[in-house]
Amino acid sequence: MNLQPDDFWTFSEWLLRPGFFLESALLQGIVLIVLAIVLGLIVAYVISSARYGPGEGFFAVARAVRDFLTVDLPGTSPTRIFALSRLAFKEAIRRRVLFVIGLFVVILLLAGWFLNPESDDPARLYISFVLTATNYLMLALALFISAFSLPQDIENRTIYTIVTKPVRATEIVLGRMLGFVAVGTVMLVPMGLASYIFVKRGLDHSHLEVVEAEEIDGRIVGKTDYVRKHFHTFTIEKGETQGLTNFVRGHRHVVTRNDDGSFSIGKPTGQLRARIPDYGEIQFYDRNGEPKEAGIDVGAERLSDGYGSAGISRLIGVAKGARKLEHGYVEGGTLGMAEFTFDNVTADRFPNELPINLSIRAYRSFKGDIESGIRGSLTMKNPGSSAQADPIEFTVEEYQIDEKALPLVRSGTDANGETRDLNVFEDLVSEDGKLQILLKCEDSSQYLGVTKSGLYLRPAESTFEWNLAKAYISIWLQMTMIIAFGVMFSTFLSGPVAMVATAVCVLLGFSAESIYDTRHFIDSNIERGGGPIESLVRLVKQDAMTTQLDVEGVANQLIKSTDAIIIYSMDAIATALPNLPRMVSTAEYAAGGIDIFSAILARHCVATFGYCLLAFLISYFFLKSREIAA
Amino acid sequence: MDNNSTAVADSADENTSGSGSQAAPIATGSSTTASDVVIETRNLSKIYKDFWGRKKVHALKSLDIEVRKGEIFGLLGPNGSGKSTTIKLILGLLFPTSGRVLVFDKDATETKKNEQIGYLPEESYLYQFLNAEETLDFYGRLFDMSGRQRKQRIEELLTLVGLQGARHRQLREYSKGMRRRVGLAQALINDPDLILLDEPTTGLDPIGIREMKDLILALREQGKTVLLCSHQLGDVQDVCDRVAILHQGELKELGRVSDLLKVQDVTEVHVTGLTDEAKKEIAEVIAKHGGDLKSMDNPTATMEDLFLNIVRESEARPGARRVTATADAASESDNAADGSKSGSDE
Ligand SMILES: Nc1ncnc2c1ncn2[C@@H]1O[C@H](COP(=O)(O)OP(=O)(O)OP(=O)(O)O)[C@@H](O)[C@H]1O
Ligand SMILES: [Mg+2]
């Protein structure tokens, strides 16, 4: 998993962006709501002055706003909301949405055949599969249940008997939203449990026997049988009856020696993790030991992406360019390195050792010895003095999380240049609790690539179950958002149209980054195929993307400016929409065995709440101004 | 129980207001102080427009009516004359194209007025997947009624509309009349002061119709105001104090039923136990006074009376079939079909 700069933000950094207020989520939210209100008032005024004349129209709008604040909002009653949401719940259940759970189980059963438990990282495969499947299924379901209900009630005229009771439009909207959220919740819980069982069982396997075992000085060293394309080696220390195997494919087993000398091998453990990472600040140095902003780019690592985190400031053109963080490389056999500085390294947090996880990439500039991997080294260093431990070498394991532990005592050179055993907390951690770890490549002319999230300390661990629950909460939040949008559109559109409108919003939200990307290229005059019309022309003419558009004069101008208008409006809309891909990507944390950051979950919660509020306001005014029986 | 002939006979006395005998004390003052007016429409017009704002139908043209507290007001008119449109405007389901509607002195679009209103729509627009009890419970909750209140009210209403036995069946299994009954029950759940009934008697069996009429009269007795629309002229005549007759969205006639229906120069006499000679003598007396005897017959029972009798008897003695009586009644009603308006008492 490759985290982006905004993944590291704390909740308040995200909300306020100290120093970059234009990028803040708070500003984006405020602008969105203010814009919605202003646009709403203008549209309402235009419509009602067409209906009642300019003077009356103004009063009509003013009255609607006053009624909302003085009558409908205070008059909103929990009893009625509850009654209405119960009705919405029953109605959705009547539509047999619970079949979706059955469908989900069938999907899981089928997936059981296709997902390969013999892959390199089966846990990631299984977890990301169940989460992605649940996610898209729930989004589709939310779309379906929310968009049809209100239009159907209006068409069947069942709404007549409701709006002629003292029911506020606020209650109808909230009742619907809450009812459908309840339906979604009722479905999500069994789906979550089914997923959990599926993952657990899918990853379960047993090694039946020990194929090799020899006793050396009372210590037993052995090897298990070959199951699911892997085997483990294990050791049982002298005088013990139990020992552990090594980690293979993210898991290990307990091996017990029985009284009769045979061995029994336990269940796999450690494959479902929720590591709580502690990231440091990264600093690259080039081959001459000069500090550099980024590592070496070995090509095709910098993708155009990550525009979205700049919020409004990108939309108005203040922030420019992609912000995607990609691997920077350090060259082997030179002074090039990546320096990680960790805060708050204390004996309380790391009583026995420094657990450290690596996920780094290797880049070979020549073939070398293909059998053995590229070697790197880790060096602990005191940022406040020159004390430095001896490097610890390792072989790079690509595309997986490599779990290591640094010892608390290591030989090295202390601040006075003496060589002795250094204690991490006494000699290597500075007064303000900082420790540096240097990552170097040991094979010359080979390269190691890393990002800020590629090397981290792991002071603690959360449970996989809770992490999965957090991933499901994220799905739940997305579902809630879509329900709110669906209900909003259904207050003024017919069922199918409301569903399409919601779906368009979802799709625009998902393709936001490509829209931003296109806009970026239009802004910076780089030929990348242009907007929709230009692309079409190129497609027809079979022109390459990066050439000049081969159309002359006015037509060229026309194409470019129309495209710009289209792209700019899509950009504005996409900026206003929730960033669904980000929410979907929480699944990656769970699949990667990393605890989903509370800050990220909190961000999603607040964003969801904001969008629901917006949808609620819009729904209210549409429903209120709607002539129900027309 | 009343029926049409007594009502008409009563009204022979000029001074008594129509159906005065049943009118509750509250309804006696027919002076129109402002607070007495429950519904007021001022110059109310409605034009149905399509999505693009193009005119489709001019459904209501400058309607001015006042419905006063404690009266039963009838809206009459042929299909498509704007009766339902009027009711929907009063409820705020539609917005007037011009003019105003005031209900309890508030604008019709205000939600708060609904606390005192009960509405029975044209057709029963209810949730098919709920049963009668759940339906009423749901609507009760919409009035923020407490659990105990709801329970008690549901009992009362289910008994009132005669759905005790079917309370746990889903509405989609209900017959049309049964749905209508639930519809009525939900309209009364909040013990409303103003009840709007859009064709209350359609779909009901004759007993249901009779019960509905009795209920409407009973509501008036409790001081409630009822506005109903119907094209069952008989029903309107039976219960309404005042009627407005609409045609193509225009108000054609407005007034007390008794005034509108009274035929000034005809006298009606109902007598029992006369011999044929006596009848002849009476005819002669009439002739002597210059009267023109239009008819003198044995009155035929109305179909309604017949039906009610049969059902009542069958309830008293289940299983027995009243063969002869039915045949008799049938042949009787064949004799004189024109006598239905002057049908006799039971
Ligand atoms: N939603 C609507 N859109 C367009 N026209 C409508 C709508 N509802 C009613 N109308 C028209 O308005 C006129 C009056 O209709 P309304 O329903 O008020 O009649 P009504 O008196 O209740 O008739 P009925 O006795 O058949 O119930 C009719 O011409 C009808 O076609
Ligand atoms: Mg009608």
# chains A, B, ... in the order shown; residues from 1 in each chain; ligands from 1
$ residues_around --residues "range 95-112 of chain B" --least-positions-apart "6" --cutoff "6 Å" --atoms "only C-alpha atoms" --output "PyMOL selection string"
(chain A and resi 166) or (chain B and resi 38-46)
$ write_last_selection --atoms "N, CA and C atoms" --output "PDB file, in the first residue's frame"
ATOM      1  N   PRO A 166     -50.209  15.952  10.011  1.00  0.00           N
ATOM      2  CA  PRO A 166     -49.260  17.035  10.336  1.00  0.00           C
ATOM      3  C   PRO A 166     -47.801  16.607  10.159  1.00  0.00           C
TER       4      PRO A 166
ATOM      5  N   VAL B  38     -64.969  27.655   8.741  1.00  0.00           N
ATOM      6  CA  VAL B  38     -63.883  26.694   8.829  1.00  0.00           C
ATOM      7  C   VAL B  38     -63.070  26.702   7.537  1.00  0.00           C
ATOM      8  N   ILE B  39     -63.779  26.699   6.420  1.00  0.00           N
ATOM      9  CA  ILE B  39     -63.086  26.751   5.142  1.00  0.00           C
ATOM     10  C   ILE B  39     -63.594  27.952   4.366  1.00  0.00           C
ATOM     11  N   GLU B  40     -62.670  28.676   3.816  1.00  0.00           N
ATOM     12  CA  GLU B  40     -63.092  29.797   3.005  1.00  0.00           C
ATOM     13  C   GLU B  40     -62.256  29.793   1.731  1.00  0.00           C
ATOM     14  N   THR B  41     -62.937  29.790   0.593  1.00  0.00           N
ATOM     15  CA  THR B  41     -62.170  29.922  -0.646  1.00  0.00           C
ATOM     16  C   THR B  41     -62.511  31.264  -1.242  1.00  0.00           C
ATOM     17  N   ARG B  42     -61.467  31.954  -1.688  1.00  0.00           N
ATOM     18  CA  ARG B  42     -61.695  33.274  -2.272  1.00  0.00           C
ATOM     19  C   ARG B  42     -61.226  33.276  -3.706  1.00  0.00           C
ATOM     20  N   ASN B  43     -62.174  33.370  -4.585  1.00  0.00           N
ATOM     21  CA  ASN B  43     -61.832  33.527  -5.989  1.00  0.00           C
ATOM     22  C   ASN B  43     -60.878  32.442  -6.467  1.00  0.00           C
ATOM     23  N   LEU B  44     -61.137  31.233  -5.985  1.00  0.00           N
ATOM     24  CA  LEU B  44     -60.172  30.143  -6.153  1.00  0.00           C
ATOM     25  C   LEU B  44     -60.221  29.573  -7.567  1.00  0.00           C
ATOM     26  N   SER B  45     -59.066  29.553  -8.223  1.00  0.00           N
ATOM     27  CA  SER B  45     -58.986  28.986  -9.565  1.00  0.00           C
ATOM     28  C   SER B  45     -57.846  28.003  -9.635  1.00  0.00           C
ATOM     29  N   LYS B  46     -58.019  27.012 -10.477  1.00  0.00           N
ATOM     30  CA  LYS B  46     -56.940  26.043 -10.669  1.00  0.00           C
ATOM     31  C   LYS B  46     -56.842  25.691 -12.138  1.00  0.00           C
TER      32      LYS B  46
END
$ residues_around --residues "range 200-210 of chain B" --least-positions-apart "3" --cutoff "8 Å" --atoms "only C-alpha atoms" --output "ChimeraX atom specification"
/B:120,122,176-177,180,197,213-214,228-230,232,304,307-308
$ select_by_dssp --residues "range 310-522 of chain A" --states "helix (DSSP H, G or I)" --output "ChimeraX atom specification"
/A:310,312-315,424-428,452-454,464-490,495-510,512-522
$ residues_near_ligand --ligand "ligand 1" --cutoff "9 Å" --atoms "only C-alpha atoms and all ligand atoms" --output "PyMOL selection string"
(chain A and resi 629-630) or (chain B and resi 46-50+56-60+75-88+122+198-199+229-231+246-249)
$ atom_distance --atom1 "CA of Ala294 in chain A" --atom2 "CA of Gly328 in chain A"
5.9 Å
$ closest_residue --among "B:Thr275, B:Ser62, B:Ser124, B:Asn298" --to "chain A" --atoms "only C-alpha atoms"
B:Ser124
$ interface_residues --of "chain B" --to "chain A" --cutoff "7 Å" --atoms "only C-alpha atoms" --output "PyMOL selection string"
chain B and resi 91+93-95+111-112+114-115+125-127+138+141-144
$ select_by_dssp --residues "range 174-311 of chain B" --states "strand (DSSP E or B)" --output "list of chain:residue names"
B:Leu194, B:Ile195, B:Leu196, B:Leu197, B:Asp198, B:Thr225, B:Val226, B:Leu227, B:Leu228, B:Cys229, B:Ser230, B:Arg242, B:Val243, B:Ala244, B:Ile245, B:Leu246, B:His247, B:Glu250, B:Leu251, B:Lys252, B:Glu253, B:Leu254, B:Gly255, B:Arg256
$ write_last_selection --atoms "N, CA and C atoms" --output "tab-separated table (two decimals), in the first residue's frame"
chain	number	residue	atom	x	y	z
B	194	LEU	N	-62.46	18.83	11.34
B	194	LEU	CA	-62.93	19.02	9.97
B	194	LEU	C	-62.63	17.75	9.20
B	195	ILE	N	-63.66	17.21	8.57
B	195	ILE	CA	-63.46	15.95	7.84
B	195	ILE	C	-63.80	16.19	6.37
B	196	LEU	N	-62.86	15.83	5.51
B	196	LEU	CA	-63.06	15.98	4.08
B	196	LEU	C	-63.21	14.60	3.48
B	197	LEU	N	-64.38	14.36	2.88
B	197	LEU	CA	-64.64	13.03	2.36
B	197	LEU	C	-64.85	13.13	0.85
B	198	ASP	N	-63.96	12.48	0.11
B	198	ASP	CA	-64.09	12.50	-1.34
B	198	ASP	C	-64.83	11.24	-1.76
B	225	THR	N	-67.23	19.49	11.53
B	225	THR	CA	-67.60	20.01	10.23
B	225	THR	C	-67.24	18.96	9.19
B	226	VAL	N	-68.14	18.73	8.25
B	226	VAL	CA	-67.87	17.74	7.23
B	226	VAL	C	-68.04	18.37	5.85
B	227	LEU	N	-67.04	18.13	5.01
B	227	LEU	CA	-67.21	18.54	3.61
B	227	LEU	C	-67.10	17.28	2.79
B	228	LEU	N	-68.13	17.00	2.00
B	228	LEU	CA	-68.05	15.79	1.22
B	228	LEU	C	-68.42	16.08	-0.21
B	229	CYS	N	-67.90	15.25	-1.10
B	229	CYS	CA	-68.36	15.39	-2.46
B	229	CYS	C	-68.80	14.05	-2.98
B	230	SER	N	-69.72	14.07	-3.86
B	230	SER	CA	-70.34	12.81	-4.28
B	230	SER	C	-71.18	13.08	-5.51
B	242	ARG	N	-75.91	21.96	3.41
B	242	ARG	CA	-75.81	22.86	2.28
B	242	ARG	C	-75.04	22.17	1.17
B	243	VAL	N	-75.33	22.54	-0.03
B	243	VAL	CA	-74.58	21.97	-1.15
B	243	VAL	C	-74.13	23.06	-2.10
B	244	ALA	N	-73.02	22.74	-2.79
B	244	ALA	CA	-72.59	23.58	-3.90
B	244	ALA	C	-72.57	22.68	-5.10
B	245	ILE	N	-73.11	23.13	-6.20
B	245	ILE	CA	-73.11	22.30	-7.39
B	245	ILE	C	-72.14	22.89	-8.40
B	246	LEU	N	-71.19	22.08	-8.81
B	246	LEU	CA	-70.17	22.52	-9.75
B	246	LEU	C	-70.44	21.90	-11.11
B	247	HIS	N	-70.11	22.67	-12.12
B	247	HIS	CA	-70.15	22.08	-13.44
B	247	HIS	C	-69.02	22.69	-14.25
B	250	GLU	N	-67.19	25.45	-12.59
B	250	GLU	CA	-67.87	26.67	-12.18
B	250	GLU	C	-68.95	26.36	-11.17
B	251	LEU	N	-69.10	27.28	-10.22
B	251	LEU	CA	-70.13	27.11	-9.21
B	251	LEU	C	-71.47	27.47	-9.84
B	252	LYS	N	-72.40	26.50	-9.83
B	252	LYS	CA	-73.69	26.75	-10.48
B	252	LYS	C	-74.78	27.04	-9.47
B	253	GLU	N	-74.65	26.50	-8.29
B	253	GLU	CA	-75.74	26.61	-7.32
B	253	GLU	C	-75.14	26.44	-5.94
B	254	LEU	N	-75.62	27.24	-5.00
B	254	LEU	CA	-75.12	27.11	-3.64
B	254	LEU	C	-76.27	27.43	-2.71
B	255	GLY	N	-76.56	26.53	-1.75
B	255	GLY	CA	-77.64	26.86	-0.83
B	255	GLY	C	-78.00	25.70	0.05
B	256	ARG	N	-79.02	25.92	0.91
B	256	ARG	CA	-79.48	24.86	1.81
B	256	ARG	C	-80.19	23.81	0.99
$ atom_distance --atom1 "CA of Leu272 in chain A" --atom2 "CA of Ile197 in chain A"
12.2 Å
$ residues_around --residues "Ala501 in chain A" --least-positions-apart "3" --cutoff "10 Å" --atoms "only C-alpha atoms" --output "ChimeraX atom specification"
/A:143,147,485-486,489-490,493,495-498,504-507
$ write_last_selection --atoms "C-alpha atoms" --output "PDB file, in the first residue's frame"
ATOM      1  CA  LEU A 143     -28.988   3.430  -5.388  1.00  0.00           C
ATOM      2  CA  ALA A 147     -34.396   6.401  -5.716  1.00  0.00           C
ATOM      3  CA  PHE A 485     -28.377  11.562  -2.753  1.00  0.00           C
ATOM      4  CA  GLY A 486     -30.944   9.079  -4.044  1.00  0.00           C
ATOM      5  CA  PHE A 489     -33.056  13.309  -6.418  1.00  0.00           C
ATOM      6  CA  SER A 490     -36.264  11.380  -5.863  1.00  0.00           C
ATOM      7  CA  LEU A 493     -37.368  13.392 -10.334  1.00  0.00           C
ATOM      8  CA  GLY A 495     -37.751   6.972  -9.917  1.00  0.00           C
ATOM      9  CA  PRO A 496     -35.618   5.797 -12.844  1.00  0.00           C
ATOM     10  CA  VAL A 497     -34.383   9.316 -13.580  1.00  0.00           C
ATOM     11  CA  ALA A 498     -33.470   9.814  -9.925  1.00  0.00           C
ATOM     12  CA  VAL A 504     -24.072   9.763 -12.623  1.00  0.00           C
ATOM     13  CA  CYS A 505     -22.981  11.476  -9.418  1.00  0.00           C
ATOM     14  CA  VAL A 506     -21.337   8.277  -8.233  1.00  0.00           C
ATOM     15  CA  LEU A 507     -19.560   7.798 -11.546  1.00  0.00           C
TER      16      LEU A 507
END
$ residues_around --residues "His168 in chain B" --least-positions-apart "2" --cutoff "9 Å" --atoms "only C-alpha atoms" --output "PDB file with N, CA and C atoms, in the first residue's frame"
ATOM      1  N   LEU B 130     -49.345  -3.308   4.682  1.00  0.00           N
ATOM      2  CA  LEU B 130     -49.652  -3.217   6.111  1.00  0.00           C
ATOM      3  C   LEU B 130     -51.032  -3.831   6.359  1.00  0.00           C
ATOM      4  N   ASN B 131     -51.285  -4.295   7.568  1.00  0.00           N
ATOM      5  CA  ASN B 131     -52.645  -4.714   7.874  1.00  0.00           C
ATOM      6  C   ASN B 131     -53.388  -3.544   8.513  1.00  0.00           C
ATOM      7  N   ALA B 132     -54.690  -3.768   8.787  1.00  0.00           N
ATOM      8  CA  ALA B 132     -55.515  -2.642   9.228  1.00  0.00           C
ATOM      9  C   ALA B 132     -54.946  -2.019  10.496  1.00  0.00           C
ATOM     10  N   GLU B 133     -54.527  -2.878  11.403  1.00  0.00           N
ATOM     11  CA  GLU B 133     -54.054  -2.366  12.683  1.00  0.00           C
ATOM     12  C   GLU B 133     -52.763  -1.572  12.501  1.00  0.00           C
ATOM     13  N   GLU B 134     -51.853  -2.136  11.711  1.00  0.00           N
ATOM     14  CA  GLU B 134     -50.579  -1.439  11.471  1.00  0.00           C
ATOM     15  C   GLU B 134     -50.812  -0.105  10.771  1.00  0.00           C
ATOM     16  N   GLN B 164     -63.176  -5.397  12.730  1.00  0.00           N
ATOM     17  CA  GLN B 164     -62.583  -6.132  13.859  1.00  0.00           C
ATOM     18  C   GLN B 164     -61.998  -7.462  13.426  1.00  0.00           C
ATOM     19  N   GLY B 165     -62.806  -8.183  12.590  1.00  0.00           N
ATOM     20  CA  GLY B 165     -62.399  -9.535  12.222  1.00  0.00           C
ATOM     21  C   GLY B 165     -61.226  -9.584  11.260  1.00  0.00           C
ATOM     22  N   ALA B 166     -61.017  -8.504  10.510  1.00  0.00           N
ATOM     23  CA  ALA B 166     -60.008  -8.550   9.451  1.00  0.00           C
ATOM     24  C   ALA B 166     -58.778  -7.724   9.804  1.00  0.00           C
ATOM     25  N   GLN B 170     -53.519  -8.274   5.553  1.00  0.00           N
ATOM     26  CA  GLN B 170     -52.897  -7.185   4.790  1.00  0.00           C
ATOM     27  C   GLN B 170     -53.916  -6.513   3.885  1.00  0.00           C
TER      28      GLN B 170
END
$ atom_distance --atom1 "CA of Gly376 in chain A" --atom2 "CA of Val409 in chain A"
20.3 Å
$ residues_around --residues "Val105 in chain A" --least-positions-apart "3" --cutoff "8 Å" --atoms "only C-alpha atoms" --output "number ranges by chain"
A: 101-102, 108-109, 191, 194
$ write_last_selection --atoms "N, CA and C atoms" --output "short mmCIF file (atom, residue, chain, number, x, y, z; two decimals), in the first residue's frame"
data_model
loop_
_atom_site.label_atom_id
_atom_site.label_comp_id
_atom_site.auth_asym_id
_atom_site.auth_seq_id
_atom_site.Cartn_x
_atom_site.Cartn_y
_atom_site.Cartn_z
N ILE A 101 -28.52 -10.33 0.13
CA ILE A 101 -27.63 -11.08 1.03
C ILE A 101 -27.39 -12.47 0.45
N GLY A 102 -28.47 -13.08 -0.03
CA GLY A 102 -28.34 -14.39 -0.66
C GLY A 102 -27.40 -14.32 -1.85
N LEU A 108 -19.81 -15.25 -2.87
CA LEU A 108 -18.70 -15.76 -2.05
C LEU A 108 -18.41 -17.21 -2.39
N LEU A 109 -19.50 -17.98 -2.53
CA LEU A 109 -19.29 -19.41 -2.81
C LEU A 109 -18.58 -19.59 -4.15
N MET A 191 -23.60 -9.52 5.92
CA MET A 191 -22.59 -9.61 4.87
C MET A 191 -21.20 -9.54 5.47
N ALA A 194 -20.49 -12.86 7.11
CA ALA A 194 -20.22 -13.87 6.09
C ALA A 194 -18.81 -13.67 5.51
#
$ residues_around --residues "range 228-235 of chain A" --least-positions-apart "5" --cutoff "6 Å" --atoms "only C-alpha atoms" --output "PyMOL selection string"
chain A and resi 118+220-223+243-246
$ write_last_selection --atoms "N, CA, C and O atoms" --output "PDB file, in the first residue's frame"
ATOM      1  N   GLU A 118      -3.333 -20.141  -3.092  1.00  0.00           N
ATOM      2  CA  GLU A 118      -1.916 -20.439  -3.211  1.00  0.00           C
ATOM      3  C   GLU A 118      -1.122 -19.233  -3.686  1.00  0.00           C
ATOM      4  O   GLU A 118       0.065 -19.323  -3.971  1.00  0.00           O
ATOM      5  N   ILE A 220      15.514 -28.826  18.252  1.00  0.00           N
ATOM      6  CA  ILE A 220      14.984 -29.522  17.076  1.00  0.00           C
ATOM      7  C   ILE A 220      14.781 -28.543  15.937  1.00  0.00           C
ATOM      8  O   ILE A 220      14.144 -27.498  16.119  1.00  0.00           O
ATOM      9  N   VAL A 221      15.340 -28.833  14.799  1.00  0.00           N
ATOM     10  CA  VAL A 221      15.143 -28.012  13.613  1.00  0.00           C
ATOM     11  C   VAL A 221      14.455 -28.884  12.579  1.00  0.00           C
ATOM     12  O   VAL A 221      14.867 -30.017  12.344  1.00  0.00           O
ATOM     13  N   GLY A 222      13.378 -28.365  11.978  1.00  0.00           N
ATOM     14  CA  GLY A 222      12.656 -29.222  11.045  1.00  0.00           C
ATOM     15  C   GLY A 222      11.951 -28.444   9.959  1.00  0.00           C
ATOM     16  O   GLY A 222      12.067 -27.227   9.836  1.00  0.00           O
ATOM     17  N   LYS A 223      11.232 -29.195   9.148  1.00  0.00           N
ATOM     18  CA  LYS A 223      10.589 -28.642   7.975  1.00  0.00           C
ATOM     19  C   LYS A 223       9.225 -29.316   7.837  1.00  0.00           C
ATOM     20  O   LYS A 223       9.114 -30.538   8.040  1.00  0.00           O
ATOM     21  N   GLY A 243       7.302 -24.962  19.501  1.00  0.00           N
ATOM     22  CA  GLY A 243       8.126 -23.989  18.781  1.00  0.00           C
ATOM     23  C   GLY A 243       7.311 -23.360  17.672  1.00  0.00           C
ATOM     24  O   GLY A 243       6.167 -23.766  17.413  1.00  0.00           O
ATOM     25  N   LEU A 244       7.900 -22.354  17.034  1.00  0.00           N
ATOM     26  CA  LEU A 244       7.190 -21.656  15.972  1.00  0.00           C
ATOM     27  C   LEU A 244       7.864 -21.915  14.632  1.00  0.00           C
ATOM     28  O   LEU A 244       9.085 -22.075  14.561  1.00  0.00           O
ATOM     29  N   THR A 245       7.068 -21.903  13.581  1.00  0.00           N
ATOM     30  CA  THR A 245       7.659 -21.982  12.249  1.00  0.00           C
ATOM     31  C   THR A 245       8.058 -20.577  11.817  1.00  0.00           C
ATOM     32  O   THR A 245       7.745 -19.596  12.495  1.00  0.00           O
ATOM     33  N   ASN A 246       8.722 -20.474  10.694  1.00  0.00           N
ATOM     34  CA  ASN A 246       9.023 -19.142  10.152  1.00  0.00           C
ATOM     35  C   ASN A 246       7.787 -18.588   9.446  1.00  0.00           C
ATOM     36  O   ASN A 246       6.811 -19.314   9.220  1.00  0.00           O
TER      37      ASN A 246
END
